[in-house]
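Here is the file entry-v1.csv (CSV, C-alpha atoms).
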```csv
chain,number,residue,atom,x,y,z
A,13,MET,CA,85.8,19.9,-33.4
A,14,LYS,CA,85.4,19.4,-29.7
A,15,LYS,CA,85.2,23.1,-29.0
A,16,ARG,CA,82.3,23.4,-31.5
A,17,MET,CA,80.5,20.5,-29.8
A,18,PHE,CA,80.8,22.1,-26.4
A,19,VAL,CA,79.4,25.3,-27.7
A,20,MET,CA,76.4,23.6,-29.2
A,21,LEU,CA,75.7,21.7,-25.9
A,22,ALA,CA,76.0,24.9,-23.9
A,23,ALA,CA,73.6,26.6,-26.3
A,24,VAL,CA,71.0,23.8,-26.0
A,25,ALA,CA,71.3,23.8,-22.2
A,26,VAL,CA,70.7,27.6,-22.1
A,27,PHE,CA,67.7,27.2,-24.4
A,28,VAL,CA,66.2,24.5,-22.3
A,29,ALA,CA,66.7,26.4,-19.1
A,30,THR,CA,65.2,29.5,-20.6
A,31,VAL,CA,62.1,27.6,-21.8
A,32,GLY,CA,61.7,25.9,-18.4
A,33,LEU,CA,61.9,29.3,-16.6
A,34,VAL,CA,59.3,30.8,-18.9
A,35,LYS,CA,56.9,27.8,-18.4
A,36,TYR,CA,57.5,27.9,-14.6
A,37,LYS,CA,56.5,31.6,-14.6
A,38,GLN,CA,53.4,30.9,-16.7
A,39,ILE,CA,52.3,28.1,-14.3
A,40,GLN,CA,52.9,30.3,-11.3
A,41,THR,CA,50.7,33.0,-12.8
A,42,ALA,CA,47.9,30.5,-13.7
A,43,VAL,CA,48.0,29.1,-10.2
A,44,ALA,CA,47.7,32.6,-8.7
A,45,GLN,CA,44.8,33.4,-11.0
A,46,ALA,CA,43.0,30.2,-10.2
A,47,SER,CA,43.4,30.7,-6.5
A,48,SER,CA,41.9,34.1,-6.7
A,49,PHE,CA,39.1,33.1,-9.2
A,50,GLN,CA,35.6,33.4,-7.8
A,51,PRO,CA,32.9,31.5,-9.8
A,52,PRO,CA,29.8,33.4,-10.7
A,53,PRO,CA,26.9,33.1,-8.1
A,54,GLU,CA,24.3,30.4,-8.7
A,55,ALA,CA,20.7,31.5,-9.1
A,56,VAL,CA,18.5,29.9,-6.4
A,57,THR,CA,15.1,30.4,-4.7
A,58,THR,CA,14.7,30.6,-1.0
A,59,VAL,CA,12.1,30.4,1.8
A,60,VAL,CA,12.2,31.5,5.4
A,61,ALA,CA,11.9,28.5,7.7
A,62,GLN,CA,8.8,28.7,9.8
A,63,LYS,CA,7.8,26.8,13.0
A,64,GLU,CA,4.5,24.9,12.9
A,65,ARG,CA,2.7,22.5,15.1
A,66,TRP,CA,2.0,19.2,13.2
A,67,PRO,CA,-0.1,16.4,14.5
A,68,SER,CA,2.1,13.5,15.5
A,69,THR,CA,1.5,10.8,12.9
A,70,LEU,CA,3.1,7.6,11.8
A,71,GLY,CA,3.2,6.8,8.0
A,72,ALA,CA,3.0,3.4,6.5
A,73,ILE,CA,2.4,1.6,3.2
A,74,GLY,CA,-0.9,-0.3,3.3
A,75,THR,CA,-2.8,-2.9,1.3
A,76,VAL,CA,-6.6,-2.9,1.0
A,77,GLU,CA,-8.3,-6.2,1.9
A,78,ALA,CA,-12.0,-7.2,1.9
A,79,VAL,CA,-13.7,-7.9,5.2
A,80,HIS,CA,-15.3,-10.9,3.3
A,81,GLY,CA,-13.6,-12.0,0.1
A,82,VAL,CA,-13.9,-15.4,-1.6
A,83,THR,CA,-14.0,-17.0,-4.9
A,84,VAL,CA,-17.4,-18.7,-5.0
A,85,SER,CA,-16.9,-22.3,-6.1
A,86,ALA,CA,-19.0,-25.3,-7.1
A,87,ASP,CA,-19.6,-27.7,-4.1
A,88,LEU,CA,-20.4,-30.8,-6.2
A,89,PRO,CA,-19.6,-31.7,-9.8
A,90,GLY,CA,-22.2,-31.2,-12.5
A,91,ILE,CA,-23.2,-29.5,-15.7
A,92,VAL,CA,-24.1,-25.7,-15.5
A,93,ASP,CA,-27.8,-25.5,-16.2
A,94,SER,CA,-28.4,-21.8,-15.7
A,95,ILE,CA,-26.5,-18.6,-14.7
A,96,SER,CA,-28.4,-16.0,-12.8
A,97,PHE,CA,-25.8,-13.1,-12.5
A,98,ASP,CA,-23.8,-10.7,-14.6
A,99,SER,CA,-20.2,-10.0,-14.0
A,100,GLY,CA,-19.4,-6.9,-11.9
A,101,ARG,CA,-22.7,-6.3,-10.3
A,102,MET,CA,-23.7,-6.2,-6.6
A,103,VAL,CA,-25.6,-9.2,-5.1
A,104,ARG,CA,-27.4,-9.8,-1.9
A,105,GLU,CA,-26.6,-12.6,0.6
A,106,GLY,CA,-28.3,-15.9,-0.5
A,107,GLU,CA,-29.0,-14.7,-4.1
A,108,VAL,CA,-28.8,-17.6,-6.6
A,109,LEU,CA,-25.8,-17.4,-8.9
A,110,VAL,CA,-25.6,-20.7,-10.7
A,111,GLN,CA,-27.9,-23.7,-11.0
A,112,LEU,CA,-26.3,-27.1,-11.9
A,113,ASP,CA,-28.3,-29.8,-13.6
A,114,THR,CA,-30.3,-31.8,-11.0
A,115,ARG,CA,-32.6,-34.0,-13.2
A,116,GLN,CA,-31.0,-37.2,-12.0
A,117,GLU,CA,-31.2,-36.1,-8.3
A,118,ARG,CA,-34.9,-35.1,-8.7
A,119,ALA,CA,-35.7,-38.5,-10.1
A,120,GLN,CA,-33.9,-40.1,-7.2
A,121,LEU,CA,-35.8,-37.8,-4.8
A,122,ALA,CA,-39.2,-39.0,-6.3
A,123,ALA,CA,-38.2,-42.6,-5.8
A,124,ALA,CA,-37.0,-41.9,-2.2
A,125,GLU,CA,-40.2,-40.1,-1.4
A,126,ALA,CA,-42.3,-43.0,-2.7
A,127,GLN,CA,-40.2,-45.4,-0.5
A,128,ARG,CA,-40.7,-43.1,2.5
A,129,ASP,CA,-44.4,-43.1,2.0
A,130,LEU,CA,-44.5,-46.8,1.7
A,131,SER,CA,-42.4,-47.2,4.9
A,132,ARG,CA,-44.9,-44.9,6.7
A,133,LEU,CA,-47.8,-47.1,5.7
A,134,ASN,CA,-46.0,-50.2,6.8
A,135,LEU,CA,-45.1,-48.5,10.1
A,136,ASP,CA,-48.8,-47.6,10.7
A,137,ARG,CA,-49.9,-51.2,9.9
A,138,MET,CA,-47.2,-52.7,12.1
A,139,ARG,CA,-48.3,-50.5,15.0
A,140,GLY,CA,-51.9,-51.7,14.6
A,141,LEU,CA,-50.9,-55.3,14.6
A,142,ARG,CA,-48.6,-54.7,17.6
A,143,ASP,CA,-51.5,-53.2,19.6
A,144,GLU,CA,-53.6,-56.3,18.9
A,145,GLY,CA,-50.7,-58.5,20.0
A,146,ILE,CA,-50.3,-60.2,16.6
A,147,ILE,CA,-46.7,-59.3,16.0
A,148,ALA,CA,-43.7,-59.0,18.3
A,149,GLN,CA,-42.1,-55.7,19.4
A,150,ALA,CA,-39.1,-56.5,17.2
A,151,GLU,CA,-41.2,-56.3,14.0
A,152,ASP,CA,-42.5,-52.9,15.0
A,153,ASP,CA,-38.9,-51.7,15.8
A,154,ARG,CA,-37.7,-52.8,12.4
A,155,ALA,CA,-40.6,-50.9,10.7
A,156,ILE,CA,-39.6,-47.7,12.7
A,157,ALA,CA,-36.0,-48.1,11.6
A,158,GLU,CA,-36.9,-48.6,7.9
A,159,HIS,CA,-39.1,-45.5,8.0
A,160,LYS,CA,-36.3,-43.4,9.5
A,161,GLN,CA,-33.9,-44.6,6.9
A,162,ALA,CA,-36.3,-43.7,4.1
A,163,GLU,CA,-36.7,-40.2,5.6
A,164,ALA,CA,-33.0,-39.8,5.9
A,165,ARG,CA,-32.6,-40.8,2.2
A,166,VAL,CA,-35.1,-38.1,1.2
A,167,GLY,CA,-33.2,-35.5,3.2
A,168,GLU,CA,-29.8,-36.6,1.7
A,169,ILE,CA,-31.1,-36.2,-1.9
A,170,ARG,CA,-32.7,-32.8,-1.1
A,171,ALA,CA,-29.4,-31.6,0.4
A,172,THR,CA,-27.6,-32.7,-2.7
A,173,ILE,CA,-30.0,-30.8,-4.9
A,174,ASP,CA,-29.6,-27.7,-2.7
A,175,ARG,CA,-25.8,-28.0,-2.9
A,176,LYS,CA,-26.1,-27.8,-6.7
A,177,ILE,CA,-27.7,-24.4,-6.4
A,178,ILE,CA,-24.7,-22.0,-5.9
A,179,ARG,CA,-25.7,-18.9,-3.9
A,180,ALA,CA,-23.9,-15.8,-2.7
A,181,PRO,CA,-22.5,-16.5,0.8
A,182,PHE,CA,-22.7,-12.8,1.6
A,183,GLY,CA,-23.6,-9.5,-0.1
A,184,GLY,CA,-20.9,-7.8,-2.2
A,185,LEU,CA,-19.5,-7.1,-5.6
A,186,LEU,CA,-19.1,-9.9,-8.1
A,187,GLY,CA,-16.0,-10.2,-10.3
A,188,ILE,CA,-15.7,-11.7,-13.7
A,189,ARG,CA,-17.7,-14.9,-14.4
A,190,GLN,CA,-15.5,-18.0,-14.9
A,191,VAL,CA,-18.1,-20.6,-16.0
A,192,ASN,CA,-20.4,-20.9,-19.0
A,193,ARG,CA,-23.8,-22.6,-19.4
A,194,GLY,CA,-23.4,-26.2,-20.4
A,195,GLN,CA,-19.9,-26.5,-18.9
A,196,TYR,CA,-19.1,-29.4,-16.8
A,197,VAL,CA,-17.5,-28.3,-13.5
A,198,GLN,CA,-15.7,-30.3,-10.9
A,199,GLY,CA,-16.2,-29.9,-7.1
A,200,GLY,CA,-14.2,-26.9,-6.1
A,201,SER,CA,-14.1,-25.3,-9.6
A,202,PRO,CA,-14.2,-21.5,-9.3
A,203,VAL,CA,-17.4,-19.7,-10.4
A,204,VAL,CA,-16.9,-16.0,-9.7
A,205,PRO,CA,-15.0,-13.8,-7.2
A,206,LEU,CA,-17.1,-12.1,-4.6
A,207,GLN,CA,-15.8,-9.2,-2.4
A,208,SER,CA,-17.6,-7.3,0.3
A,209,LEU,CA,-16.5,-3.6,-0.1
A,210,ASP,CA,-18.2,-1.7,2.7
A,211,PRO,CA,-16.7,-1.7,5.3
A,212,ILE,CA,-13.2,-2.6,4.2
A,213,TYR,CA,-9.9,-3.4,5.8
A,214,VAL,CA,-6.5,-1.7,5.3
A,215,ASN,CA,-3.5,-3.7,6.5
A,216,PHE,CA,-0.1,-2.1,7.1
A,217,ALA,CA,3.1,-2.8,9.0
A,218,VAL,CA,4.7,-0.5,11.6
A,219,PRO,CA,8.2,-0.9,13.3
A,220,GLN,CA,8.2,-2.7,16.6
A,221,GLN,CA,9.4,0.4,18.4
A,222,SER,CA,6.2,2.2,17.5
A,223,VAL,CA,3.8,-0.5,18.7
A,224,SER,CA,3.5,1.1,22.1
A,225,GLN,CA,2.1,4.2,20.6
A,226,LEU,CA,-0.8,2.4,18.9
A,227,ARG,CA,-4.1,1.7,20.4
A,228,THR,CA,-7.3,0.0,19.3
A,229,GLY,CA,-9.7,2.6,18.1
A,230,GLY,CA,-7.0,5.1,17.1
A,231,ALA,CA,-7.7,7.2,14.1
A,232,VAL,CA,-6.2,6.3,10.7
A,233,ARG,CA,-6.2,8.4,7.5
A,234,VAL,CA,-5.8,6.6,4.2
A,235,SER,CA,-5.0,8.3,0.9
A,236,LEU,CA,-5.2,6.8,-2.6
A,237,GLU,CA,-2.8,8.2,-5.1
A,238,GLY,CA,-4.1,9.2,-8.5
A,239,VAL,CA,-7.7,9.6,-7.4
A,240,ALA,CA,-9.2,13.0,-6.7
A,241,ASP,CA,-10.5,13.5,-3.1
A,242,ALA,CA,-9.5,10.0,-2.3
A,243,THR,CA,-8.9,10.4,1.5
A,244,PHE,CA,-10.6,8.0,3.9
A,245,THR,CA,-10.8,7.9,7.7
A,246,GLY,CA,-11.1,4.8,9.8
A,247,ARG,CA,-10.1,3.2,13.1
A,248,ILE,CA,-7.5,0.7,14.2
A,249,THR,CA,-9.4,-2.5,14.9
A,250,ALA,CA,-6.6,-5.0,15.5
A,251,VAL,CA,-2.9,-5.1,16.2
A,252,ASP,CA,-1.1,-8.4,15.6
A,253,SER,CA,0.2,-10.3,18.6
A,254,VAL,CA,3.5,-11.3,17.1
A,255,VAL,CA,6.4,-9.4,15.5
A,256,ASP,CA,7.7,-10.6,12.2
A,257,GLU,CA,11.2,-12.0,12.8
A,258,ALA,CA,12.4,-11.1,9.3
A,259,THR,CA,11.4,-7.4,9.3
A,260,ARG,CA,10.8,-6.7,13.0
A,261,ASN,CA,7.5,-5.1,12.0
A,262,VAL,CA,4.0,-5.6,13.4
A,263,GLN,CA,0.9,-5.9,11.3
A,264,VAL,CA,-1.9,-3.5,12.0
A,265,GLN,CA,-5.5,-3.7,10.6
A,266,ALA,CA,-7.8,-0.7,10.3
A,267,THR,CA,-11.4,-0.7,9.3
A,268,LEU,CA,-12.8,2.0,7.0
A,269,ALA,CA,-16.2,3.0,5.6
A,270,ASN,CA,-16.2,2.6,1.8
A,271,PRO,CA,-19.8,3.3,0.7
A,272,GLU,CA,-18.8,4.3,-2.9
A,273,GLY,CA,-16.5,1.4,-3.4
A,274,LYS,CA,-13.5,3.5,-4.3
A,275,LEU,CA,-11.2,1.2,-2.3
A,276,ARG,CA,-10.8,-2.3,-3.9
A,277,PRO,CA,-9.0,-5.3,-2.4
A,278,GLY,CA,-5.4,-5.4,-3.4
A,279,MET,CA,-5.0,-1.6,-3.8
A,280,PHE,CA,-1.8,0.1,-2.7
A,281,VAL,CA,-2.5,3.0,-0.3
A,282,GLN,CA,-0.7,5.4,2.1
A,283,ALA,CA,-1.8,5.1,5.7
A,284,GLN,CA,-1.3,7.8,8.4
A,285,VAL,CA,-1.8,6.8,12.0
A,286,VAL,CA,-2.7,9.7,14.2
A,287,LEU,CA,-0.8,9.3,17.5
A,288,GLY,CA,-2.3,12.2,19.4
A,289,ALA,CA,0.0,14.9,20.7
A,290,GLN,CA,1.1,17.6,18.3
A,291,GLN,CA,4.8,18.2,17.6
A,292,GLU,CA,6.6,21.5,17.0
A,293,VAL,CA,8.6,21.3,13.7
A,294,VAL,CA,10.2,23.5,11.1
A,295,SER,CA,8.5,22.9,7.8
A,296,LEU,CA,10.3,23.2,4.4
A,297,PRO,CA,9.4,22.4,0.8
A,298,ALA,CA,10.6,18.9,-0.1
A,299,SER,CA,12.7,20.4,-2.8
A,300,ALA,CA,14.9,22.1,-0.2
A,301,ILE,CA,16.2,18.8,1.2
A,302,ASN,CA,19.5,17.4,-0.1
A,303,TYR,CA,19.2,13.7,0.4
A,304,ALA,CA,22.4,11.7,0.8
A,305,PRO,CA,23.5,8.3,2.3
A,306,TYR,CA,25.7,10.0,4.9
A,307,GLY,CA,22.9,12.4,6.1
A,308,ASP,CA,20.2,14.8,4.9
A,309,SER,CA,21.1,18.5,4.7
A,310,VAL,CA,19.8,21.9,3.6
A,311,PHE,CA,21.7,25.0,2.4
A,312,VAL,CA,21.2,28.1,4.5
A,313,VAL,CA,21.8,31.5,2.9
A,314,ALA,CA,24.1,33.7,4.9
A,315,GLN,CA,26.7,36.5,4.6
A,316,LEU,CA,30.1,34.7,4.2
A,317,GLU,CA,33.6,36.0,4.3
A,318,GLY,CA,35.9,35.2,1.3
A,319,GLN,CA,39.6,35.6,0.7
A,320,GLY,CA,40.9,38.9,1.7
A,321,GLY,CA,38.0,39.5,4.1
A,322,ALA,CA,35.5,40.3,1.3
A,323,LYS,CA,31.9,39.6,2.2
A,324,TYR,CA,29.6,37.9,-0.2
A,325,GLU,CA,26.2,36.2,-0.2
A,326,GLY,CA,26.7,32.4,0.0
A,327,VAL,CA,25.3,29.2,1.4
A,328,ARG,CA,26.2,27.1,4.4
A,329,GLN,CA,25.4,23.4,4.4
A,330,GLN,CA,23.5,22.3,7.4
A,331,PHE,CA,22.7,18.7,8.3
A,332,VAL,CA,19.2,18.1,9.6
A,333,LYS,CA,17.0,15.4,11.0
A,334,LEU,CA,13.7,14.9,9.1
A,335,GLY,CA,10.3,13.9,10.4
A,336,ALA,CA,7.0,13.3,8.7
A,337,SER,CA,5.9,14.8,5.4
A,338,ARG,CA,2.5,16.2,4.2
A,339,GLY,CA,1.8,17.4,0.7
A,340,ASP,CA,4.8,19.4,-0.6
A,341,GLN,CA,6.2,19.9,2.9
A,342,VAL,CA,8.7,18.0,5.0
A,343,ALA,CA,9.1,18.4,8.8
A,344,VAL,CA,12.6,19.2,10.1
A,345,VAL,CA,12.7,18.1,13.8
A,346,SER,CA,16.3,19.2,14.5
A,347,GLY,CA,19.3,21.0,13.0
A,348,LEU,CA,17.5,24.1,11.7
A,349,ASP,CA,16.2,27.2,13.4
A,350,ALA,CA,13.1,29.1,12.5
A,351,GLY,CA,13.8,32.4,10.6
A,352,GLU,CA,16.7,31.1,8.6
A,353,SER,CA,16.6,31.5,4.8
A,354,VAL,CA,16.9,28.1,3.1
A,355,VAL,CA,17.5,27.3,-0.5
A,356,THR,CA,14.5,25.6,-2.1
A,357,SER,CA,15.6,25.0,-5.7
A,358,GLY,CA,19.0,24.6,-7.3
A,359,VAL,CA,20.2,22.5,-4.3
A,360,PHE,CA,21.9,19.9,-6.5
A,361,LYS,CA,24.4,22.4,-7.9
A,362,LEU,CA,25.5,23.9,-4.6
A,363,ARG,CA,28.4,23.2,-2.3
A,364,ASN,CA,29.4,24.5,1.1
A,365,GLY,CA,30.5,28.1,0.7
A,366,ALA,CA,29.2,28.6,-2.8
A,367,ALA,CA,28.1,32.1,-3.8
A,368,VAL,CA,24.4,32.5,-4.7
A,369,ARG,CA,22.0,35.0,-6.2
A,370,VAL,CA,18.4,34.8,-4.8
A,371,ASN,CA,15.6,35.1,-7.4
A,372,ASN,CA,12.2,34.2,-6.0
A,373,SER,CA,10.1,35.2,-9.0
A,374,VAL,CA,9.2,31.5,-9.4
A,375,VAL,CA,9.2,29.2,-6.4
A,376,PRO,CA,8.5,25.5,-5.9
A,377,GLY,CA,5.3,24.3,-4.3
A,378,ASN,CA,4.9,24.5,-0.6
A,379,ASP,CA,1.3,23.4,-0.1
A,380,PRO,CA,0.5,21.0,2.8
A,381,ALA,CA,-2.5,19.6,0.8
A,382,PRO,CA,-1.8,20.0,-2.9
A,383,LYS,CA,-4.4,19.0,-5.5
A,384,PRO,CA,-3.5,16.3,-7.9
A,385,GLU,CA,-3.5,18.7,-10.9
A,386,ASP,CA,-1.0,20.9,-9.1
A,387,ASN,CA,1.5,18.1,-8.5
```

Show me this structure written as structure tokens.
Amino acid sequence: MKKRMFVMLAAVAVFVATVGLVKYKQIQTAVAQASSFQPPPEAVTTVVAQKERWPSTLGAIGTVEAVHGVTVSADLPGIVDSISFDSGRMVREGEVLVQLDTRQERAQLAAAEAQRDLSRLNLDRMRGLRDEGIIAQAEDDRAIAEHKQAEARVGEIRATIDRKIIRAPFGGLLGIRQVNRGQYVQGGSPVVPLQSLDPIYVNFAVPQQSVSQLRTGGAVRVSLEGVADATFTGRITAVDSVVDEATRNVQVQATLANPEGKLRPGMFVQAQVVLGAQQEVVSLPASAINYAPYGDSVFVVAQLEGQGGAKYEGVRQQFVKLGASRGDQVAVVSGLDAGESVVTSGVFKLRNGAAVRVNNSVVPGNDPAPKPEDN
């Protein structure tokens, strides 16, 4: 019985050892095959890096602001008697917008004018009596004071009537009307927004280290996304005297001509400040850049050496420092030499040393000034 048990255990041990040896050989073969496996080359497009001279610019995000922009409001309370404007039209400075009811004030004005005329007659009479020595000088002085008070009362009521005529404080474009005829308005109630559109301001912030490069009168280019031919030029008219402690940025204000009114207050725009001297850069399509938190890079196509000394066409990852951008292009200021072949599409699927196959039958855009329909 014991002998049979030992034979069975020996047979099981031999079987397990045989199976383990077979699996070990299979794993060694798989590892060897994997180490020698060469993945198929990735299809990519390329461009030859070229040196160009770009104007030195500083980009910023800007906001359009009116040179004169207010919400026209009622100065005094009253009932809207007439409205003399339509929403959304241009008005001239001093043009009447709204007339409040002034019937009560006009009645008071008539009474005040009558009192003024009476005081004038009394003053003339008192002066005649004074010249004849009938009354004292004090009586004549009192008549003069009463006449001046009557004239002041007339002027006060006329000013009240004039303040109930709401006029445009400057020429510009009206917004949407916020009152109706017959409506009672309080003093300070909004009537209609009014914005002066030509010229117009663009305000933007620049880092504190760039302030020394700015100067009053410097050229600024402003572009408006989504609008054809929406590029405007202007000049820097003011640089703020303080640095924002939260952002360490400085506010800059540029003034631009806006005769067609394409720029409206509150719009988001891209501002480019022209700093002057041109800079030599290597330009690439934006699609060629591999953006990453640890650094931006490109993939350069080159002849690489694989295992066993075999040569193949692959890519080498090259970290670069980027500069400004224009249109479809990005400026590389360091890390890349002109004449190198750089991958422009398929970057996301590459790694350092990957094999590639170049196919430039269809290439991404590389236009410094693309039209909106081409984007």

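Across the model, the gap from CA of Ala164 in chain A to CA of Gly200 in chain A is 25.8 Å.
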
So that each row is one residue of range 56-127 of chain A with an atom at most 9 Å from range 354-360 of chain A, can you give its shortest atom pair and the distance in Å to one decimal, using all atoms listed in the file, rows by chain and rising number, as a Markdown table?
```
| residue | atom | partner | partner_atom | distance |
| --- | --- | --- | --- | --- |
| A:Val56 | CA | A:Gly358 | CA | 5.4 |
| A:Thr57 | CA | A:Thr356 | CA | 5.5 |
| A:Thr58 | CA | A:Val355 | CA | 4.4 |
| A:Val59 | CA | A:Val354 | CA | 5.5 |
| A:Val60 | CA | A:Val354 | CA | 6.2 |
| A:Ala61 | CA | A:Val354 | CA | 6.8 |
```

(Q) Using all atoms listed in the file, which protein or nucleic acid residues come within 12 Å of Val285 in chain A? Drop anything in the same chain fewer than 3 positions from it, and give the result as an MDAnalysis selection string. (A) chainID A and resid 67:74 214:218 222:223 225:235 245:248 264:266 282 288 336

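Among the candidates A:Glu107, A:Val34, A:Ile169, A:Gln330, the residue lying nearest to Asn302 in chain A is A:Gln330 (atoms considered: all atoms listed in the file).
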
So that I can see what lies close to Tyr303 in chain A, please list as a PDB file with C-alpha atoms, in the coordinates of the input the residues with an atom at most 12 Å from it, counting all atoms listed in the file and leaving out residues fewer than 2 positions away in the same chain.
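Final output, selection_16.pdb:
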```pdb
ATOM      1  CA  ALA A 298      10.600  18.900  -0.100  1.00  0.00           C
ATOM      2  CA  SER A 299      12.700  20.400  -2.800  1.00  0.00           C
ATOM      3  CA  ALA A 300      14.900  22.100  -0.200  1.00  0.00           C
ATOM      4  CA  ILE A 301      16.200  18.800   1.200  1.00  0.00           C
ATOM      5  CA  PRO A 305      23.500   8.300   2.300  1.00  0.00           C
ATOM      6  CA  TYR A 306      25.700  10.000   4.900  1.00  0.00           C
ATOM      7  CA  GLY A 307      22.900  12.400   6.100  1.00  0.00           C
ATOM      8  CA  ASP A 308      20.200  14.800   4.900  1.00  0.00           C
ATOM      9  CA  SER A 309      21.100  18.500   4.700  1.00  0.00           C
ATOM     10  CA  VAL A 310      19.800  21.900   3.600  1.00  0.00           C
ATOM     11  CA  PHE A 311      21.700  25.000   2.400  1.00  0.00           C
ATOM     12  CA  GLN A 330      23.500  22.300   7.400  1.00  0.00           C
ATOM     13  CA  PHE A 331      22.700  18.700   8.300  1.00  0.00           C
ATOM     14  CA  VAL A 332      19.200  18.100   9.600  1.00  0.00           C
ATOM     15  CA  LYS A 333      17.000  15.400  11.000  1.00  0.00           C
ATOM     16  CA  LEU A 334      13.700  14.900   9.100  1.00  0.00           C
ATOM     17  CA  VAL A 359      20.200  22.500  -4.300  1.00  0.00           C
ATOM     18  CA  PHE A 360      21.900  19.900  -6.500  1.00  0.00           C
TER      19      PHE A 360
END
```
